[in-house]
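Peer 1: Take a look at the following structure, please.
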Amino acid sequence: MIGGLAGAGQGATQRRSQQVIRYPAPVRGMDIRKAIGSEDLQYSIYNYNIAPYEYGLRVRSGYREWEINLDEGEGTGVHTLIPFISSASNSVGNALFAVTNEGIWDVTTEGAAPTKRITFSNTDTAAGYGTYSHYTTDAGTVILYYADSLNGLFRYDAATQVWTQATGINHLDELLINSVVIFKQRIWFTTQNSTTAYYLNAGAITGQATAFYFGSKFKHGGNLRGLFNWSVDGGSGADDQLVAVSGAGDVIVYKGSDPTESDWDLVGTYYIGKIPNTSRFGSEHGGELYLLSAYGLASMNDILKGVDTNVLLSDVDSAGMTVKIGGLIRDAMETAIDISGWAVSPVPSIGGVLITAPILDNSPPIQYYYNIAADAWGLWRNVPILSFEEFEDKLYIGTPDGRVCRMDVPVDNQKINPIDPLANGDSINFSILTAYSSMGVMGQYKRIKLIRPDFISSLKPEYSSVARYDYDTAEATPFQLGTGTEASAGLWDISRWDSAVWGNENGKAFNSVGGTWGYGRYVAIATTGVSRTDTRLIGWDVMFDVGGTML
């Protein structure tokens with residue numbers, strides 16, 4: 001009898017006290033409009049250097065030196081990059097130029113010593129922040145123009161491959177020209193501290209410059225900060241429109257050939273807020289024009305539909321690209337709107353739009369990356385971008401220490417001449433905090449026992465994952481070496497949590513369990529780590545148990 005009772009007791013199943021929940025990779029990226037307790041696991045509270053991408057999140061590419069030592073003793077970094085794409089086949093004649101406060105350099109050849117093509121007369125630290133435009137005449141002459149606010153207008157002739165200070169523009173001092181744009185086969189210029197623009201005759205690269213006055217249209221004041229050529233379909237087919245922007249944020253839109261023609265007409269006036277200290281606050285790509293201002297990043301297509309600046313601050317998803325992180329950009333501009341280093345441009349090779357902010361002392365560089373396909377934002381950190389441009393389908397950056405680098409490697413700061421070739425480049429640090437979740441049990445306390453992230457990579461990343469409770473947004477502590485080792489393929493509920501590896505034809509999947517501590521009602525997962533290969537994060541398995549509503 002006693003033995004029978006003992007046997008029955010030993011055979012009874014025990015109630016499982018642990019539960020498991022899946023946190024998927026937050027493929028919608030950051031959206032600071034959402035309440036921190038919204039429990040939408042598609043979004044993250046922050047993600048540094050690991051951005052939304054196909055199938056999950058992906059650690060950004062790193063940078064390697066392309067050409068270095070762009071400095072003759074007075075250099076303050078690479079302020080502008082200028083790609084030149086020739087009309088010849090097989091990329092013959094293509095060139096990449098870098099502009100510093102000292103002049104214009106040829107940086108076309110990987111690993112070569114940069115060649116200075118033009119020496120600036122004014123080498124103030126603000127020199128070299130400029131704009132460029134390509135122009136081809138009906139006779140086939142190919143010209144590249146560059147202008148900045150301190151040294152005026154320069155011209156590159158593709159046939160001779162020579163840079164010169166531009167001349168031959170009548171009734172306009174070329175040294176005062178600070179930006180250039182092509183509109184309806186005419187070259188337009190803006191000048192320093194003025195509300196007046198000038199344009200040449202159609203097809204001309206020299207000759208009479210005719211003035212056009214924008215000042216009376218700028219309701220909020222300010223000088224003329226930029227002109228942009230915007231292709232838009234107004235219902236009767238695509239047509240180019242000229243967009244003028246004042247420093248105070250007035251946006252004036254004209255259609256027509258030029259001010260002397262009967263079809264010239266003012267079609268809209270808008271306001272987007274103060275413009276940052278940059279000539280690169282606007283960028284055209286694929287029929288879209290993006291304008292960076294104190295409100296964030298405004299799309300001209302959205303503005304044309306009637307999305308005003310009040311909506312840019314709202315939670316309307318179609319209001320503008322940066323509504324999800326607009327607050328972060330506005331916060332940054334509160335202290336740095338008048339500092340050089342702001343820029344915006346689509347970068348097709350990385351499938352998105354990149355916004356750079358000034359590099360401030362004692363703060364890591366921050367950039368804002370938008371993945372167009374995912375409609376999602378992430379942050380880049382510790383990339384020393386002072387300027388950037390796409391050239392031959394790769395992203396190039398100019399740095400504060402006079403280097404041009406290319407972002408196409410899985411490590412940062414890879415040297416042309418490394419001290420240790422086997423350890424050339426720094427691992428990329430990434431950090432992410434998921435949204436908070438009640439884990440399906442509202443109001444009750446949870447204790448996280450184990451966390452297992454899933455990575456796909458050719459080399460196991462080093463990382464640390466911890467639970468964050470009740471809206472703590474602190475980053476995870478730096479990764480701990482030895483979080484797990486590669487093992488043979490495993491099976492769920494058979495293989496060990498800390499050794500199972502799941503195969504993938506495009507890489508190997510890595511998942512190692514990690515312990516954590518603490519308790520709380522609402523839980524987010526913070527993961528930080530480093531990687532040296534193409535790495536993707538797929539999600540986390542989280543084991544937990546549940547307590548009461550009070551402790």
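In the structure tokens, chains take letters A, B, ... by order of appearance, with residues numbered from 1 within each chain and ligands from 1 in the order shown.
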I want to know what sits within 9 Å of segment 109-122 of chain A, based on only C-alpha atoms, with residues of the same chain fewer than 2 positions away left out; could you give that as a compact mmCIF listing (two decimals) with N, CA, C and O atoms, in the first residue's frame?

Peer 2:
```
# COMPACT_ATOMS: atom_id res chain seq x y z
N GLU A 65 39.34 52.87 -45.44
CA GLU A 65 40.01 54.01 -46.06
C GLU A 65 40.11 53.83 -47.58
O GLU A 65 40.48 52.76 -48.06
N TRP A 66 39.80 54.90 -48.28
CA TRP A 66 39.90 54.93 -49.74
C TRP A 66 41.11 55.77 -50.15
O TRP A 66 41.99 55.30 -50.84
N GLU A 67 41.12 57.05 -49.73
CA GLU A 67 42.30 57.90 -49.85
C GLU A 67 42.42 58.72 -48.57
O GLU A 67 41.41 59.11 -47.98
N ILE A 68 43.65 58.98 -48.15
CA ILE A 68 43.87 59.64 -46.87
C ILE A 68 44.79 60.86 -47.04
O ILE A 68 45.30 61.11 -48.13
N ASN A 69 44.93 61.60 -45.96
CA ASN A 69 45.85 62.75 -45.91
C ASN A 69 45.44 63.89 -46.85
O ASN A 69 46.28 64.48 -47.54
N LEU A 70 44.16 64.22 -46.87
CA LEU A 70 43.70 65.38 -47.61
C LEU A 70 43.89 66.61 -46.72
O LEU A 70 42.95 67.20 -46.19
N ALA A 95 34.94 60.19 -62.14
CA ALA A 95 35.87 60.74 -61.15
C ALA A 95 35.14 61.06 -59.86
O ALA A 95 33.92 61.32 -59.86
N LEU A 96 35.88 61.03 -58.78
CA LEU A 96 35.36 61.41 -57.47
C LEU A 96 36.25 62.52 -56.92
O LEU A 96 37.48 62.37 -56.88
N ASN A 101 38.40 72.66 -46.79
CA ASN A 101 38.52 74.10 -46.70
C ASN A 101 39.75 74.62 -47.44
O ASN A 101 39.88 75.82 -47.69
N GLU A 102 40.64 73.71 -47.84
CA GLU A 102 41.85 74.10 -48.56
C GLU A 102 41.67 74.09 -50.08
O GLU A 102 42.39 74.79 -50.79
N GLY A 103 40.74 73.28 -50.58
CA GLY A 103 40.56 73.21 -52.02
C GLY A 103 39.84 71.95 -52.47
O GLY A 103 39.22 71.25 -51.67
N ILE A 104 39.94 71.67 -53.78
CA ILE A 104 39.28 70.51 -54.40
C ILE A 104 40.35 69.47 -54.74
O ILE A 104 41.35 69.79 -55.38
N TRP A 105 40.09 68.22 -54.31
CA TRP A 105 41.05 67.14 -54.49
C TRP A 105 40.44 66.04 -55.36
O TRP A 105 39.25 65.76 -55.30
N ASP A 106 41.30 65.38 -56.15
CA ASP A 106 40.90 64.20 -56.91
C ASP A 106 41.18 62.97 -56.04
O ASP A 106 42.32 62.71 -55.65
N VAL A 107 40.10 62.21 -55.74
CA VAL A 107 40.24 61.01 -54.89
C VAL A 107 39.64 59.80 -55.60
O VAL A 107 39.06 58.92 -54.98
N ASP A 124 38.96 79.53 -44.60
CA ASP A 124 38.24 79.53 -43.33
C ASP A 124 37.61 78.15 -43.12
O ASP A 124 37.35 77.40 -44.06
N ALA A 127 34.76 77.09 -45.31
CA ALA A 127 34.95 76.87 -46.75
C ALA A 127 34.79 75.40 -47.09
O ALA A 127 35.07 74.51 -46.27
N GLY A 128 34.35 75.12 -48.31
CA GLY A 128 34.26 73.74 -48.79
C GLY A 128 32.92 73.08 -48.57
O GLY A 128 32.71 71.95 -49.02
N LEU A 150 32.11 80.85 -49.66
CA LEU A 150 33.31 81.64 -49.40
C LEU A 150 34.24 81.78 -50.60
O LEU A 150 35.06 82.71 -50.65
N ASN A 151 34.14 80.88 -51.55
CA ASN A 151 35.09 80.90 -52.67
C ASN A 151 34.43 80.99 -54.03
O ASN A 151 35.14 81.04 -55.05
N PHE A 154 33.16 77.32 -59.34
CA PHE A 154 34.25 76.63 -60.05
C PHE A 154 33.64 75.72 -61.11
O PHE A 154 32.49 75.27 -60.99
N VAL A 162 40.05 69.41 -66.23
CA VAL A 162 40.68 70.52 -65.52
C VAL A 162 39.62 71.31 -64.76
O VAL A 162 38.54 71.61 -65.29
N TRP A 163 39.95 71.67 -63.50
CA TRP A 163 39.13 72.56 -62.69
C TRP A 163 39.65 73.99 -62.84
O TRP A 163 40.86 74.22 -62.81
N THR A 164 38.73 74.95 -62.98
CA THR A 164 39.09 76.35 -63.03
C THR A 164 38.07 77.18 -62.26
O THR A 164 36.93 76.74 -62.06
N GLN A 165 38.47 78.37 -61.82
CA GLN A 165 37.51 79.32 -61.28
C GLN A 165 36.65 79.80 -62.45
O GLN A 165 37.16 80.20 -63.49
N ILE A 416 44.25 51.48 -44.90
CA ILE A 416 44.96 51.14 -46.15
C ILE A 416 46.24 50.39 -45.84
O ILE A 416 46.58 49.40 -46.48
```

Peer 1: Name the residues of segment 115-270 of chain A that come out as strand (DSSP E or B) in a backbone DSSP run; write them as a PyMOL selection string.

Peer 2: chain A and resi 115-119+130-136+142-148+152-157+162-165+169-170+177-183+186-191+196-199+207-208+210-213+224-233+238-246+250-255+265-270

Peer 1: Need to verify the contact set: Leu41 of chain A, 9 Å, only C-alpha atoms, exclusion of same-chain residues closer than 5 positions in sequence. Can you return it as a PyMOL selection string?

Peer 2: chain A and resi 23-28+434-437

Peer 1: Could you save those same residues with all heavy atoms as a compact mmCIF listing (two decimals), in the first residue's frame?

Peer 2:
```
# COMPACT_ATOMS: atom_id res chain seq x y z
N TYR A 23 9.87 37.33 -28.90
CA TYR A 23 9.99 38.74 -29.29
C TYR A 23 10.56 38.75 -30.71
O TYR A 23 11.74 38.45 -30.90
CB TYR A 23 10.95 39.48 -28.37
CG TYR A 23 10.37 39.97 -27.06
CD1 TYR A 23 9.99 39.08 -26.06
CD2 TYR A 23 10.22 41.33 -26.82
CE1 TYR A 23 9.48 39.52 -24.86
CE2 TYR A 23 9.70 41.79 -25.61
CZ TYR A 23 9.33 40.88 -24.63
OH TYR A 23 8.82 41.33 -23.45
N PRO A 24 9.77 39.09 -31.73
CA PRO A 24 10.32 39.14 -33.09
C PRO A 24 11.20 40.37 -33.27
O PRO A 24 11.10 41.35 -32.52
CB PRO A 24 9.06 39.24 -33.96
CG PRO A 24 8.07 39.95 -33.09
CD PRO A 24 8.34 39.47 -31.68
N ALA A 25 12.06 40.34 -34.27
CA ALA A 25 12.86 41.52 -34.59
C ALA A 25 11.93 42.68 -34.94
O ALA A 25 10.99 42.51 -35.73
CB ALA A 25 13.79 41.23 -35.76
N PRO A 26 12.13 43.85 -34.35
CA PRO A 26 11.24 44.99 -34.60
C PRO A 26 11.50 45.61 -35.97
O PRO A 26 12.22 46.61 -36.11
CB PRO A 26 11.58 45.95 -33.46
CG PRO A 26 12.97 45.61 -33.06
CD PRO A 26 13.14 44.14 -33.31
N VAL A 27 10.90 45.03 -37.00
CA VAL A 27 11.21 45.39 -38.38
C VAL A 27 10.65 46.76 -38.77
O VAL A 27 10.99 47.28 -39.84
CB VAL A 27 10.68 44.33 -39.35
CG1 VAL A 27 11.42 43.01 -39.16
CG2 VAL A 27 9.18 44.13 -39.16
N ARG A 28 9.81 47.38 -37.94
CA ARG A 28 9.32 48.73 -38.25
C ARG A 28 10.21 49.81 -37.65
O ARG A 28 9.93 51.01 -37.78
CB ARG A 28 7.87 48.90 -37.75
CG ARG A 28 6.88 47.93 -38.36
CD ARG A 28 6.84 48.01 -39.88
NE ARG A 28 6.50 49.34 -40.38
CZ ARG A 28 5.25 49.79 -40.51
NH1 ARG A 28 4.23 49.01 -40.17
NH2 ARG A 28 5.03 50.99 -40.98
N THR A 434 13.97 46.57 -27.35
CA THR A 434 12.66 46.29 -27.94
C THR A 434 11.59 47.14 -27.26
O THR A 434 11.83 47.82 -26.26
CB THR A 434 12.30 44.81 -27.77
OG1 THR A 434 12.01 44.55 -26.37
CG2 THR A 434 13.41 43.90 -28.23
N ALA A 435 10.38 47.07 -27.79
CA ALA A 435 9.24 47.66 -27.11
C ALA A 435 8.94 46.87 -25.84
O ALA A 435 9.37 45.71 -25.68
CB ALA A 435 8.02 47.66 -28.03
N TYR A 436 8.20 47.49 -24.94
CA TYR A 436 7.79 46.81 -23.70
C TYR A 436 6.55 45.96 -23.95
O TYR A 436 5.69 46.30 -24.76
CB TYR A 436 7.53 47.82 -22.59
CG TYR A 436 8.78 48.12 -21.80
CD1 TYR A 436 9.65 49.12 -22.21
CD2 TYR A 436 9.11 47.36 -20.69
CE1 TYR A 436 10.82 49.37 -21.51
CE2 TYR A 436 10.26 47.60 -19.97
CZ TYR A 436 11.13 48.61 -20.38
OH TYR A 436 12.28 48.84 -19.69
N SER A 437 6.46 44.85 -23.21
CA SER A 437 5.33 43.92 -23.36
C SER A 437 4.89 43.41 -22.00
O SER A 437 5.71 43.21 -21.09
CB SER A 437 5.75 42.74 -24.24
OG SER A 437 4.76 41.74 -24.26
```

Peer 1: Could you give me, as a PDB file with N, CA, C and O atoms, in the first residue's frame, the residues within 10 Å of Trp188 of chain A, counting only C-alpha atoms and dropping anything in the same chain fewer than 2 positions from it?

Peer 2:
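Just written: out.pdb:
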```pdb
ATOM      1  N   SER A 179      25.593  78.705 -54.752  1.00  0.00           N
ATOM      2  CA  SER A 179      24.967  77.429 -55.123  1.00  0.00           C
ATOM      3  C   SER A 179      24.555  77.490 -56.584  1.00  0.00           C
ATOM      4  O   SER A 179      24.404  78.568 -57.167  1.00  0.00           O
ATOM      5  N   VAL A 180      24.383  76.319 -57.175  1.00  0.00           N
ATOM      6  CA  VAL A 180      24.061  76.223 -58.593  1.00  0.00           C
ATOM      7  C   VAL A 180      23.090  75.069 -58.797  1.00  0.00           C
ATOM      8  O   VAL A 180      23.201  74.015 -58.161  1.00  0.00           O
ATOM      9  N   VAL A 181      22.101  75.263 -59.690  1.00  0.00           N
ATOM     10  CA  VAL A 181      21.129  74.217 -60.002  1.00  0.00           C
ATOM     11  C   VAL A 181      20.743  74.350 -61.465  1.00  0.00           C
ATOM     12  O   VAL A 181      20.800  75.451 -62.044  1.00  0.00           O
ATOM     13  N   ILE A 182      20.382  73.238 -62.091  1.00  0.00           N
ATOM     14  CA  ILE A 182      19.943  73.228 -63.485  1.00  0.00           C
ATOM     15  C   ILE A 182      18.424  73.101 -63.517  1.00  0.00           C
ATOM     16  O   ILE A 182      17.851  72.209 -62.897  1.00  0.00           O
ATOM     17  N   PHE A 183      17.765  74.025 -64.253  1.00  0.00           N
ATOM     18  CA  PHE A 183      16.305  73.984 -64.371  1.00  0.00           C
ATOM     19  C   PHE A 183      15.904  74.332 -65.796  1.00  0.00           C
ATOM     20  O   PHE A 183      16.237  75.401 -66.295  1.00  0.00           O
ATOM     21  N   LYS A 184      15.202  73.418 -66.452  1.00  0.00           N
ATOM     22  CA  LYS A 184      14.697  73.616 -67.814  1.00  0.00           C
ATOM     23  C   LYS A 184      15.813  74.092 -68.760  1.00  0.00           C
ATOM     24  O   LYS A 184      15.675  75.067 -69.487  1.00  0.00           O
ATOM     25  N   GLN A 185      16.931  73.390 -68.722  1.00  0.00           N
ATOM     26  CA  GLN A 185      18.092  73.645 -69.586  1.00  0.00           C
ATOM     27  C   GLN A 185      18.756  74.994 -69.315  1.00  0.00           C
ATOM     28  O   GLN A 185      19.566  75.460 -70.105  1.00  0.00           O
ATOM     29  N   ARG A 186      18.428  75.594 -68.179  1.00  0.00           N
ATOM     30  CA  ARG A 186      19.063  76.846 -67.791  1.00  0.00           C
ATOM     31  C   ARG A 186      19.818  76.635 -66.482  1.00  0.00           C
ATOM     32  O   ARG A 186      19.355  75.912 -65.607  1.00  0.00           O
ATOM     33  N   THR A 190      22.473  81.072 -56.976  1.00  0.00           N
ATOM     34  CA  THR A 190      22.149  81.927 -55.839  1.00  0.00           C
ATOM     35  C   THR A 190      23.439  82.591 -55.376  1.00  0.00           C
ATOM     36  O   THR A 190      24.540  82.111 -55.664  1.00  0.00           O
ATOM     37  N   ALA A 197      18.081  85.444 -57.218  1.00  0.00           N
ATOM     38  CA  ALA A 197      18.712  84.385 -57.999  1.00  0.00           C
ATOM     39  C   ALA A 197      18.979  84.902 -59.407  1.00  0.00           C
ATOM     40  O   ALA A 197      18.397  85.905 -59.844  1.00  0.00           O
ATOM     41  N   TYR A 198      19.846  84.195 -60.135  1.00  0.00           N
ATOM     42  CA  TYR A 198      20.212  84.583 -61.495  1.00  0.00           C
ATOM     43  C   TYR A 198      20.182  83.347 -62.384  1.00  0.00           C
ATOM     44  O   TYR A 198      20.511  82.242 -61.946  1.00  0.00           O
ATOM     45  N   TYR A 199      19.792  83.561 -63.668  1.00  0.00           N
ATOM     46  CA  TYR A 199      19.784  82.437 -64.596  1.00  0.00           C
ATOM     47  C   TYR A 199      20.372  82.857 -65.934  1.00  0.00           C
ATOM     48  O   TYR A 199      20.316  84.022 -66.342  1.00  0.00           O
ATOM     49  N   LEU A 200      20.986  81.867 -66.598  1.00  0.00           N
ATOM     50  CA  LEU A 200      21.565  82.094 -67.921  1.00  0.00           C
ATOM     51  C   LEU A 200      20.555  81.731 -69.004  1.00  0.00           C
ATOM     52  O   LEU A 200      19.508  81.107 -68.725  1.00  0.00           O
ATOM     53  N   ASN A 201      20.860  82.094 -70.238  1.00  0.00           N
ATOM     54  CA  ASN A 201      20.009  81.697 -71.354  1.00  0.00           C
ATOM     55  C   ASN A 201      20.017  80.176 -71.502  1.00  0.00           C
ATOM     56  O   ASN A 201      20.962  79.489 -71.093  1.00  0.00           O
ATOM     57  N   ALA A 209      23.551  87.047 -67.311  1.00  0.00           N
ATOM     58  CA  ALA A 209      22.832  86.488 -66.157  1.00  0.00           C
ATOM     59  C   ALA A 209      21.673  87.415 -65.820  1.00  0.00           C
ATOM     60  O   ALA A 209      21.870  88.614 -65.588  1.00  0.00           O
ATOM     61  N   THR A 210      20.479  86.877 -65.809  1.00  0.00           N
ATOM     62  CA  THR A 210      19.268  87.656 -65.552  1.00  0.00           C
ATOM     63  C   THR A 210      18.808  87.433 -64.120  1.00  0.00           C
ATOM     64  O   THR A 210      18.734  86.290 -63.649  1.00  0.00           O
ATOM     65  N   ALA A 211      18.486  88.510 -63.423  1.00  0.00           N
ATOM     66  CA  ALA A 211      18.088  88.427 -62.011  1.00  0.00           C
ATOM     67  C   ALA A 211      16.612  88.090 -61.873  1.00  0.00           C
ATOM     68  O   ALA A 211      15.779  88.501 -62.690  1.00  0.00           O
ATOM     69  N   PHE A 212      16.297  87.332 -60.816  1.00  0.00           N
ATOM     70  CA  PHE A 212      14.909  87.102 -60.431  1.00  0.00           C
ATOM     71  C   PHE A 212      14.828  87.262 -58.914  1.00  0.00           C
ATOM     72  O   PHE A 212      15.624  86.696 -58.175  1.00  0.00           O
ATOM     73  N   LEU A 227      17.969  76.601 -54.301  1.00  0.00           N
ATOM     74  CA  LEU A 227      17.038  76.329 -55.385  1.00  0.00           C
ATOM     75  C   LEU A 227      17.115  74.849 -55.719  1.00  0.00           C
ATOM     76  O   LEU A 227      18.200  74.257 -55.717  1.00  0.00           O
ATOM     77  N   PHE A 228      15.958  74.275 -56.039  1.00  0.00           N
ATOM     78  CA  PHE A 228      15.909  72.842 -56.328  1.00  0.00           C
ATOM     79  C   PHE A 228      15.008  72.597 -57.529  1.00  0.00           C
ATOM     80  O   PHE A 228      13.978  73.249 -57.706  1.00  0.00           O
TER      81      PHE A 228
END
```

Peer 1: Tell me, as a list of chain:residue names, which residues lie within 8 Å of Ser349 of chain A, counting only C-alpha atoms; anything in the same chain fewer than 6 positions away does not count.

Peer 2: A:Glu390, A:Asp393, A:Lys394, A:Leu395
